[in-house]
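K.L.:
Before anything else, here's the structure in question.
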Amino acid sequence: MKAASRVRADRRTRIGATVLALAATASLTVGAPSYASAHSPEDTPAPRTTSPFTGQSAPQNPVLAVKFDNARHARPHTGLDRADLVYVEKVEGGMSRLMGVYSSKLPKAVGPVRSARESDIELLRQFGRPALAYSGVRSALQKVLRNSPLHARSQGRVPGAYFRHGGRPAPHNLFVHPEALLRSAPRADRPADVGFRFGPAPAGGARTAARTVRYAAASHTFRWSRRQGRWLASFDGAPARGTSGRQLGARTIVIQYVNMRPSRFKDVNGAATPYIETVGRGRATVLRDGKRYATRWQRPTADGGTTFTRPNGEPMPFAPGQVWMVYADRR
């Protein structure tokens, strides 16, 4: 609870970065303070400081979350490799969608973009009031999104920020221009502490070559590359690549075990949409530096961040750089 209170205090007071002064974690770092954004990225230069999302020095643009299609015909992805954070979520039929969270870098275009889900609201509240890019939702959920703290900006609301890619089949051909979308949400929040800590790998951990998270109709494998110093991602047994041809992946992969119950909404075929419960506590596995670490996650309230701790109660440090958060069914 103390860690969660500190997260909320960081956002309320908008103070600078803090350093944990624990003897065993003296080198752990947390990033930037929170800033209220009243201008578009082009109007005001983004302040540069340590990102609370990556632990690296970077411009702190307003936070933008983008829902990505992850069907086979949606690949390769554009701009996902430029996200600060990548979330892997289960959707109807046991398939998966992705969410990229951007601040440090704003690519010219990202996609393909697909629809949002009810639990995205709970997930994104830890970022304050970020902007959300998505293709649309069913009418019943549209009102919920409109009344949420998010700056929800669908294709229907900001058509000028989106475009169709002529070389891809519909519905896997919708893309968004991040800067254009953020201009429609001038009050989207800049990054704040969401509970992550960055620093050298702790002692212990178990050597691990690969780890896979499966849903009923999708699989996500992360294989350690010593040469590249990161975990390389594969979707459904094939390397996950960006449009540049480079395989997607990150230095830190967090497998977070959560409840994924049926939500009150269904898709067009009548299948219940999973509601991913990201408030609470439970087990997690952190992959970094070719090892896996058993950890615990905790997020007491929706407006607070998520902390990850080792069995001894000390924070689990992530490797600086892009972080992937992969939701898995609680066991």
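Numbering starts fresh at 1 for the residues of each chain in the structure tokens, the chains themselves are lettered A, B, ... in the order given, and ligands are numbered from 1 as they appear.
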Neighbouring residues of segment 201-216 of chain A were defined as those with any atom within 6 Å, considering only C-alpha atoms; residues of the same chain fewer than 2 positions away were excluded. Please report them as number ranges by chain.

P.N.:
A: 94, 218-224, 290-293

K.L.:
Within 10 Å of segment 107-109 of chain A, counting only C-alpha atoms, which residues qualify if same-chain residues fewer than 4 places away don't, as a list in words?

P.N.:
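Near segment 107-109 of chain A, the qualifying residues are Thr78, Gly79, Leu80, Asp81, Arg82, Ala83, Tyr102, Ala161, Tyr162, Phe163, Phe175, Val176, His177, Pro178, Glu179 and Ala180 of chain A.
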
K.L.:
Do you know which residues are at most 6 Å from segment 131-136 of chain A counting only C-alpha atoms, after dropping those on the same chain fewer than 5 positions away, and could you put them as JSON, numbers by chain?

P.N.:
{"A": [64, 65, 66, 67, 113, 114, 115, 116, 151, 152, 153, 154, 155, 188]}

K.L.:
I need the residues in segment 262-313 of chain A that are strand (DSSP E or B) according to DSSP; give them as a ChimeraX atom specification.

P.N.:
/A:262-266,272-276,280-288,291-299,307-309

K.L.:
Could you write those residues out with N, CA, C and O atoms, as a short mmCIF file (atom, residue, chain, number, x, y, z; two decimals), in the first residue's frame?

P.N.:
```cif
data_model
loop_
_atom_site.label_atom_id
_atom_site.label_comp_id
_atom_site.auth_asym_id
_atom_site.auth_seq_id
_atom_site.Cartn_x
_atom_site.Cartn_y
_atom_site.Cartn_z
N PRO A 262 -15.45 -13.07 -18.08
CA PRO A 262 -16.28 -12.51 -19.15
C PRO A 262 -16.79 -11.12 -18.75
O PRO A 262 -17.20 -10.91 -17.60
N SER A 263 -16.73 -10.18 -19.66
CA SER A 263 -17.26 -8.84 -19.39
C SER A 263 -18.74 -8.80 -19.72
O SER A 263 -19.32 -9.79 -20.17
N ARG A 264 -19.36 -7.66 -19.52
CA ARG A 264 -20.79 -7.51 -19.82
C ARG A 264 -21.04 -7.25 -21.29
O ARG A 264 -22.18 -7.16 -21.73
N PHE A 265 -19.97 -7.14 -22.09
CA PHE A 265 -20.12 -6.86 -23.51
C PHE A 265 -19.76 -8.08 -24.34
O PHE A 265 -18.94 -8.91 -23.94
N LYS A 266 -20.36 -8.19 -25.52
CA LYS A 266 -20.10 -9.28 -26.44
C LYS A 266 -19.73 -8.72 -27.81
O LYS A 266 -20.05 -7.57 -28.13
N ALA A 272 -18.52 -13.53 -25.58
CA ALA A 272 -18.23 -12.62 -24.49
C ALA A 272 -16.81 -12.09 -24.59
O ALA A 272 -15.87 -12.83 -24.90
N THR A 273 -16.64 -10.81 -24.34
CA THR A 273 -15.32 -10.18 -24.33
C THR A 273 -14.66 -10.41 -22.98
O THR A 273 -15.28 -10.15 -21.95
N PRO A 274 -13.42 -10.89 -22.93
CA PRO A 274 -12.75 -11.04 -21.63
C PRO A 274 -12.53 -9.68 -20.98
O PRO A 274 -12.18 -8.71 -21.65
N TYR A 275 -12.72 -9.64 -19.67
CA TYR A 275 -12.37 -8.45 -18.89
C TYR A 275 -11.10 -8.78 -18.12
O TYR A 275 -11.10 -9.65 -17.25
N ILE A 276 -10.01 -8.10 -18.45
CA ILE A 276 -8.72 -8.36 -17.82
C ILE A 276 -8.62 -7.53 -16.56
O ILE A 276 -8.60 -6.30 -16.61
N GLY A 280 -5.51 -5.33 -8.33
CA GLY A 280 -5.46 -6.46 -7.42
C GLY A 280 -4.02 -6.82 -7.11
O GLY A 280 -3.15 -5.96 -7.05
N ARG A 281 -3.78 -8.12 -6.98
CA ARG A 281 -2.43 -8.60 -6.71
C ARG A 281 -2.31 -10.03 -7.20
O ARG A 281 -3.32 -10.71 -7.39
N GLY A 282 -1.09 -10.48 -7.38
CA GLY A 282 -0.90 -11.86 -7.83
C GLY A 282 0.53 -12.14 -8.22
O GLY A 282 1.45 -11.37 -7.91
N ARG A 283 0.72 -13.26 -8.92
CA ARG A 283 2.05 -13.68 -9.33
C ARG A 283 2.44 -13.06 -10.67
O ARG A 283 1.59 -12.70 -11.47
N ALA A 284 3.72 -12.98 -10.89
CA ALA A 284 4.25 -12.56 -12.19
C ALA A 284 5.61 -13.21 -12.38
O ALA A 284 6.26 -13.62 -11.42
N THR A 285 6.00 -13.32 -13.63
CA THR A 285 7.34 -13.80 -13.98
C THR A 285 8.00 -12.71 -14.81
O THR A 285 7.43 -12.27 -15.81
N VAL A 286 9.15 -12.27 -14.39
CA VAL A 286 9.90 -11.25 -15.12
C VAL A 286 11.06 -11.92 -15.84
O VAL A 286 11.88 -12.61 -15.21
N LEU A 287 11.12 -11.73 -17.15
CA LEU A 287 12.22 -12.25 -17.97
C LEU A 287 13.18 -11.12 -18.28
O LEU A 287 12.78 -10.09 -18.83
N ARG A 288 14.44 -11.29 -17.94
CA ARG A 288 15.47 -10.33 -18.33
C ARG A 288 16.84 -11.00 -18.24
O ARG A 288 17.06 -11.90 -17.43
N LYS A 291 17.27 -14.81 -17.93
CA LYS A 291 16.79 -15.47 -16.72
C LYS A 291 15.32 -15.13 -16.48
O LYS A 291 14.79 -14.16 -17.02
N ARG A 292 14.68 -15.93 -15.64
CA ARG A 292 13.33 -15.62 -15.18
C ARG A 292 13.35 -15.43 -13.67
O ARG A 292 14.08 -16.12 -12.94
N TYR A 293 12.55 -14.47 -13.23
CA TYR A 293 12.49 -14.13 -11.81
C TYR A 293 11.04 -14.22 -11.34
O TYR A 293 10.15 -13.61 -11.94
N ALA A 294 10.82 -14.97 -10.27
CA ALA A 294 9.49 -15.05 -9.68
C ALA A 294 9.23 -13.76 -8.91
O ALA A 294 10.05 -13.33 -8.08
N THR A 295 8.12 -13.11 -9.21
CA THR A 295 7.79 -11.84 -8.57
C THR A 295 6.31 -11.83 -8.17
O THR A 295 5.55 -12.73 -8.50
N ARG A 296 5.95 -10.76 -7.47
CA ARG A 296 4.55 -10.50 -7.13
C ARG A 296 4.18 -9.13 -7.67
O ARG A 296 4.99 -8.20 -7.65
N TRP A 297 2.96 -9.01 -8.18
CA TRP A 297 2.50 -7.70 -8.63
C TRP A 297 1.39 -7.22 -7.72
O TRP A 297 0.66 -8.01 -7.12
N GLN A 298 1.27 -5.90 -7.61
CA GLN A 298 0.23 -5.31 -6.78
C GLN A 298 -0.21 -3.97 -7.35
O GLN A 298 0.62 -3.12 -7.70
N ARG A 299 -1.50 -3.80 -7.47
CA ARG A 299 -2.09 -2.54 -7.91
C ARG A 299 -3.39 -2.36 -7.13
O ARG A 299 -4.45 -2.81 -7.54
N THR A 307 3.17 -2.25 -8.99
CA THR A 307 4.51 -2.51 -8.49
C THR A 307 4.83 -3.99 -8.61
O THR A 307 3.94 -4.84 -8.50
N PHE A 308 6.10 -4.28 -8.83
CA PHE A 308 6.57 -5.66 -8.95
C PHE A 308 7.68 -5.87 -7.93
O PHE A 308 8.67 -5.13 -7.93
N THR A 309 7.51 -6.87 -7.06
CA THR A 309 8.47 -7.10 -5.99
C THR A 309 8.94 -8.54 -6.00
O THR A 309 8.22 -9.46 -6.41
#
```

K.L.:
Mind pulling up the distance from atom CA of His73 of chain A to atom CA of Gln228 of chain A?

P.N.:
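Spanning atom CA of Gln228 of chain A to atom CA of His73 of chain A is a straight-line distance of 27.4 Å.
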
K.L.:
Which is closer to Ser244 of chain A than all the others in A:Gly100, A:Pro171, A:Pro76, A:Gly304, using only C-alpha atoms?

P.N.:
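Of A:Gly100, A:Pro171, A:Pro76, A:Gly304, the one nearest Ser244 of chain A is A:Pro76, counting only C-alpha atoms.
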